[in-house]
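What follows is one structure encoded as structure tokens, with my remarks underneath.
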Amino acid sequence: MIQRNNIWSNIDWITVLLYLVLVFMGWFNIYAAVYDTDHQSIFDISQRYGKQLLWIGAGVALAIIIMSIETNFYVFFSYAIYGVMVSLLLLVLLIANEVNGARSWLEIGGFKLQPSEFAKFATALALARYMSTFDFKLKNFKSLAIMALIIFTPAALILLQNDTGSALVYFSFVLVLFREGLSGLVLFLGTLVATLFILALILSKLTLILVLLGAAALIYLILNPKFSQYFKILVFFATGILLSFLLNAILGKKYELGDIIIFGSILGSLVTLVYSLIKKFKNYAIISLFFLGSVLFSISVDYTFNNILESHHQVRIKELLGLESNPYGAGYHVNQSKIAIGSGGMWGKGYLNGTQTKFNFVPEQSTDFIFCTVGEEWGFAGTFVVIALFVFFLSRLVWLAERQRSVFSRIYGYSVAIILFFHFVVNIGMTIGIMPVIGIPLPFFSYGGSSLWSFTILLFIFIRLDASRLENFRDSRNT
Amino acid sequence: MNDYSKRSYIIILVFVLVALVFLIRLFRLQVLDSTYKQYATNNVLREVVQYPARGLIYDRNGELLVYNKTAYDLLITPREVKAFDTTLFCNLLDITREDLEAGIDKAKKYSKYKPSILVKQISPENYAVLQEQLYKFVGFHTQTRTLREYSAPAAAHALGYVGEVTQNDINKDAYYKSGDYIGVSGIEKTYEAQLRGTKGVKKNLVDVHNRIQGSYLGGSEDIPAQIGNNLTTTLDIDLQLYAEKLFKNKKGAVVAIEPSSGEVLALVSAPVYDPGLLVGRVRGANYSMLESDSLLRPLFNRALLAKYPPGSTFKTINALIGLQEQAITTNTMFTCYGKGSSPIRCTHDHGTINVVGAISGSCNPFMWNTFRSIIGRSKTSAEGFNKWRHYLLDFGLGTTLSEDFANSLKGDLPTVDYYNRIYGKGHWNALTVRSLAIGQGELGATPLQMANVAAIVANRGYYYEPHIVKAIEGDTIRSSFKTKHGVEIDAKYFEPIIEGMSRVVKGAYLIPGLEYCGKTGTIQNNHGIDHGAFEAFAPKDNPEIAIFVYVENSKWGASYAAPIAGLLIEKYLNDTIATNRQYVEKLMLNANLLDPNKIVIEDDSEE
Ligand SMILES: [Zn+2]
């Protein structure tokens, strides 16, 4: 109880200040984004900026409440909070009406909330709680499975709401796991998967398999320059491909060249795998497995893309990869966003002088594309400041997380930093055309009560945990 | 702390790397690449051309003749068009569905992103209704234009009309853009540069729906349209209107000039038409209608473009040349044998007369003898003819008399070469070309030229370039208008001619209390009834008006041309027609010379 009085003096005020700076910068930019001469008062609550001020006020109140609650509360009730949030997500699926193709809003007495926003901090709490238990081990399959369940249950429910962007946020927890000791190999595999994914979309099947074959041939050669061994593998593959051609001829030449070579390569790699296992060439076996996996993965990506994804998703992904460009088609929004930011120049057009955002050339200019207003009215100077502030803010969170004595607090802290980072990357990346158009808000900047409150709760629970980092509370792995 | 705490640096490194990627990208977008700024400007800037009002046109007494009325063009930007109620649209604009579809196709062909005119010159009344409904038609907007409006349906030929620029106009002058208006004829054409003003531009900011949100940079880059300069013409609109009225149901022309200045007081080509017919959306149809009237040819400006043989009105010039060349003197007497005269017969038996009697009686043999004497004084016919011809050029025949008219003819004045070609060199003489002596044969003069001849006689030997514009607001008129052009005939030789002309005036065209001078003319017409002409100036001393009236198919100059000229002179000098002369006015007004069956000609001629 004595320490409780010290809470306020132990708060990391720098983080709180950064929070307030970002929130108010966001508010000023929302005002600029929807500003029109008919409604000039920044406090006009019929307008978005007036409402945002209400949300900010409520956010501050929320923060104070969060700070007043005992730390133990969050640890004790982490699973309960998580359970409530997952239930809410389920409820939304059952009762919510569809808005813009998504089913994510919950209406409580005229008040609209987006449970998917609040599920983030709940998941972070549950994950921190689970990973800080004694018997949790990253290399233990059961631990991994439960952890995956915690992360992907809300993600799956949100995906079912048709809110892809918010669901993707949950993949960012991988970085938290990385900090907790997840093998670098996982990240390598992740990178490989991403590369293959992009290659599968960019390249035709024939080119793709030739590229994979070439890469495999090179790696086999590097690992074992002895020609006699290498020659055998070449023969395996050649035979496989030849057989595939023969088979196609027998079947009446039904298949395309790419498909034939793919089938032959699979045959060849299978033979190589069996041969390597018999001869106990471990390296060859691994490469063959990777090759086989890569080919199968690419084929399934290709198939998924062309047969399962809806056409507007296909177009968005293709545009992102530069496969398609049409300034008046689906890329219109990104193009307008780039025009707005690009027209800002070095120093911007000045506050309230933006034309692209104000005159609605930029879509969702107060929510997902709020960064455009910064770019247009404040120029590169403004975007630099915002990005620098975010990087400083995120790094400070990492630093705070590292200074935690409890594993729970550290993992939760990392979760906060990583979730905010993911939003930062995807949102700004989207407005400058290097990320797909995934509708997720820029933390603290974007208009909207749900997102502002969810980020406020997410952050202030951590600030609360940090403020009492010197206390001893129930933590199974206290150091 | 655990073993992996060092990984925090990797994570912070990732943050920084991502931020760097963003900043590099942003630096390129915002600082290095200027194309986005251009795109942004294109997005929000709508340059709206501000069309100036054309200059106003006044008559010599400050009466407003031509002013402007507002009309609206409806423009379409094909890319922005959303589905709309085409039936309502067509009803509002009074166009057919086919017109609409053709218009939209044309606009799309021009540009999908730039606006082009779909419906031109919508009247303010239709516009008021349209504007209330315009919000239903996304991708359409209007622009304000001005059209000509006339305070009186008069002087159509002199004023000319305004039409849309042709590709040729655009090629000649980069000022013009498709859809602009330009003076096509008359004063509107000659004074296009002064009347048109200067187009301006208004730079508006528009939102993504093309709705205007305000002016660009607070309007500091806007260029306001400069309205055209106002013109004061030399026309007297009352005289002009009266002349047009008198020419009802007649073909012909009137040109009246103030001799002391060369200012054209009236310029009529009959049949007349209402200049308002060639304004607005009805212009095309009306133009075709007027143009297709091959019988009356109302668009043909007879005052400037008709080459009529001057006929007996020419006798004044011939007599003046004779006196100056001393081919005759005031005492020279020739004998007329009437119809028995040779080689040119006469309408009357004038007996032995001097030049005054020859002019007043329009004696053909006297003129033939004078002409023969002029030609005969030189060694060869050709030389003599050239001397005679030189005087005609002095009188403005066979020349472009004035630059003040968009389109006028030089008329026909045969040359020595011409006769050499026809008759062979040395094989022709005065006798061969004797018709010239009485203003016939190969001579052709426009009414403007003949009115100027009347002015020269009135001035006793000089003239000012006939012109129709008296003053330009903010500009000066051509200096040539102030230049005195003398003819090489001594003033004293004009007196006997003027004396003869004053004796011509009698009967229906005698104006009590006014001494004035005239000369009738009848021009043979091989295709129908002869044409009548009258050349006059008034008063005899210190003349204020010189006039030439030409009435087609009026038989004798004295039948219609002279009475009409008399009425015009009386109107101009006295402002009213005397009560005892109103029967003449009535007679002239009621005369219909377009229908051959109705023509009543009194046999009352001297010619
Ligand atoms: Zn005679």
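Residue numbers start at 1 in each chain; chains themselves are named A, B, ... in the order of the structure tokens; ligands are numbered from 1 in the order shown.
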
For ligand 1, list the contacting residues at 7 Å or closer, counting only C-alpha atoms and all ligand atoms, as a PyMOL selection string. chain B and resi 336-338+346-350+361-366

Long-range neighbours of region 492-502 of chain B as a VMD selection string, 6 Å cut-off, only C-alpha atoms, 4 positions minimum in chain: chain B and resid 356 359 to 360 460 516 to 519

Run DSSP on the backbone and grab whatever in region 548-592 of chain B lands in helix (DSSP H, G or I); send it over as a ChimeraX atom specification. /B:557-574,579-590

Residue hits in chain A, query chain B, radius 7 Å, only C-alpha atoms, as number ranges by chain: A: 179-181, 339-346, 355-356, 359-361, 379-380, 384, 387, 391, 395, 398, 405

Nearest residue to Ser454 (chain A) from the set A:Leu125, A:Ile7, A:Ile158, A:Ala119 (distances using only C-alpha atoms):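 Of all the options, A:Ala119 lies closest to Ser454 (chain A).
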
Rounded to one decimal in Å, what is the spacing between CA of Gly532 (chain B) and CA of Glu552 (chain B)?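 So the two atoms, CA of Gly532 (chain B) and CA of Glu552 (chain B), lie 6.3 Å apart.
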
Applying 8 Å and only C-alpha atoms, which residues near region 382-392 of chain B remain after dropping the ones on its own chain fewer than 6 positions away? List them as a VMD selection string. chain B and resid 317 321 374 to 376 398 413 415 to 416 426 429 to 430 487 to 488

Exercise: region 371-374 of chain A partners within 8 Å, only C-alpha atoms, chain neighbours under 2 positions left out, as JSON, numbers by chain: {"A": [29, 32, 33, 337, 338, 340, 341, 354, 357, 362, 365, 368, 369, 376, 377, 378, 379, 382, 383, 428, 431, 442]}

Determine, counting only C-alpha atoms, which protein, DNA and RNA residues have an atom within 7 Å of an atom of region 538-549 of chain B; residues of the same chain fewer than 3 positions away are not included. Present the result as JSON, numbers by chain. {"B": [253, 254, 255, 256, 257, 258, 259, 447, 450, 451, 454, 455, 458, 514, 515, 516, 517, 533, 534, 535, 561, 565, 569]}

Within 10 Å of Asp394 (chain B), counting only C-alpha atoms, which residues qualify if same-chain residues fewer than 6 places away don't, as a PyMOL selection string? chain B and resi 453+461-462+485-489

Phe77 (chain A) surroundings by only C-alpha atoms, 10 Å radius, close-in-sequence under 5 positions cut, as a PyMOL selection string: chain A and resi 72+82-83+122+125-126+129

Would you mind exporting the chosen residues as an mmCIF file, in the first residue's frame, restricted to all heavy atoms?
```cif
data_model
loop_
_atom_site.group_PDB
_atom_site.id
_atom_site.type_symbol
_atom_site.label_atom_id
_atom_site.label_comp_id
_atom_site.auth_asym_id
_atom_site.auth_seq_id
_atom_site.Cartn_x
_atom_site.Cartn_y
_atom_site.Cartn_z
ATOM 1 N N ASN A 72 -1.367 -6.706 -9.964
ATOM 2 C CA ASN A 72 -1.755 -8.113 -9.853
ATOM 3 C C ASN A 72 -3.057 -8.417 -10.584
ATOM 4 O O ASN A 72 -3.256 -9.509 -11.083
ATOM 5 C CB ASN A 72 -1.900 -8.515 -8.384
ATOM 6 C CG ASN A 72 -0.524 -8.700 -7.763
ATOM 7 O OD1 ASN A 72 0.449 -8.936 -8.507
ATOM 8 N ND2 ASN A 72 -0.432 -8.605 -6.443
ATOM 9 N N TYR A 82 -9.011 -12.222 -21.557
ATOM 10 C CA TYR A 82 -8.859 -12.867 -22.867
ATOM 11 C C TYR A 82 -10.130 -13.626 -23.226
ATOM 12 O O TYR A 82 -10.652 -13.504 -24.342
ATOM 13 C CB TYR A 82 -7.647 -13.807 -22.826
ATOM 14 C CG TYR A 82 -7.396 -14.563 -24.122
ATOM 15 C CD1 TYR A 82 -6.784 -13.939 -25.206
ATOM 16 C CD2 TYR A 82 -7.742 -15.907 -24.243
ATOM 17 C CE1 TYR A 82 -6.544 -14.633 -26.376
ATOM 18 C CE2 TYR A 82 -7.511 -16.608 -25.404
ATOM 19 C CZ TYR A 82 -6.906 -15.977 -26.474
ATOM 20 O OH TYR A 82 -6.667 -16.655 -27.628
ATOM 21 N N GLY A 83 -10.643 -14.349 -22.233
ATOM 22 C CA GLY A 83 -11.859 -15.137 -22.466
ATOM 23 C C GLY A 83 -13.039 -14.251 -22.856
ATOM 24 O O GLY A 83 -13.769 -14.520 -23.803
ATOM 25 N N ALA A 122 -5.830 -7.967 -24.904
ATOM 26 C CA ALA A 122 -6.216 -9.182 -24.188
ATOM 27 C C ALA A 122 -5.311 -10.342 -24.580
ATOM 28 O O ALA A 122 -4.854 -11.127 -23.729
ATOM 29 C CB ALA A 122 -7.672 -9.510 -24.497
ATOM 30 N N LEU A 125 -1.963 -9.904 -22.985
ATOM 31 C CA LEU A 125 -1.999 -10.294 -21.576
ATOM 32 C C LEU A 125 -1.934 -11.813 -21.421
ATOM 33 O O LEU A 125 -1.139 -12.343 -20.654
ATOM 34 C CB LEU A 125 -3.285 -9.760 -20.920
ATOM 35 C CG LEU A 125 -3.308 -8.289 -20.494
ATOM 36 C CD1 LEU A 125 -4.694 -7.917 -19.968
ATOM 37 C CD2 LEU A 125 -2.243 -8.018 -19.430
ATOM 38 N N ALA A 126 -2.783 -12.496 -22.198
ATOM 39 C CA ALA A 126 -2.844 -13.951 -22.082
ATOM 40 C C ALA A 126 -1.512 -14.593 -22.469
ATOM 41 O O ALA A 126 -1.047 -15.531 -21.827
ATOM 42 C CB ALA A 126 -3.978 -14.494 -22.963
ATOM 43 N N ARG A 129 1.005 -14.017 -19.828
ATOM 44 C CA ARG A 129 0.699 -14.889 -18.681
ATOM 45 C C ARG A 129 1.165 -16.313 -18.960
ATOM 46 O O ARG A 129 1.875 -16.914 -18.158
ATOM 47 C CB ARG A 129 -0.819 -14.861 -18.431
ATOM 48 C CG ARG A 129 -1.327 -15.857 -17.400
ATOM 49 C CD ARG A 129 -0.985 -15.404 -15.972
ATOM 50 N NE ARG A 129 -1.404 -16.387 -14.987
ATOM 51 C CZ ARG A 129 -2.637 -16.460 -14.483
ATOM 52 N NH1 ARG A 129 -3.561 -15.581 -14.849
ATOM 53 N NH2 ARG A 129 -2.942 -17.383 -13.598
#
```

Using only C-alpha atoms, the residue out of A:Leu218, A:Val416, A:Leu247, A:Val193 with shortest distance to Val301 (chain A) is A:Val193

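Pairwise distance (CA of Leu235 (chain B), CA of Gly396 (chain B)) equals 21.4 Å.
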
Length of the CA of Ser68 (chain A) to CA of Arg464 (chain A) vector [Å]: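 Separation of CA of Ser68 (chain A) and CA of Arg464 (chain A): 8.3 Å.
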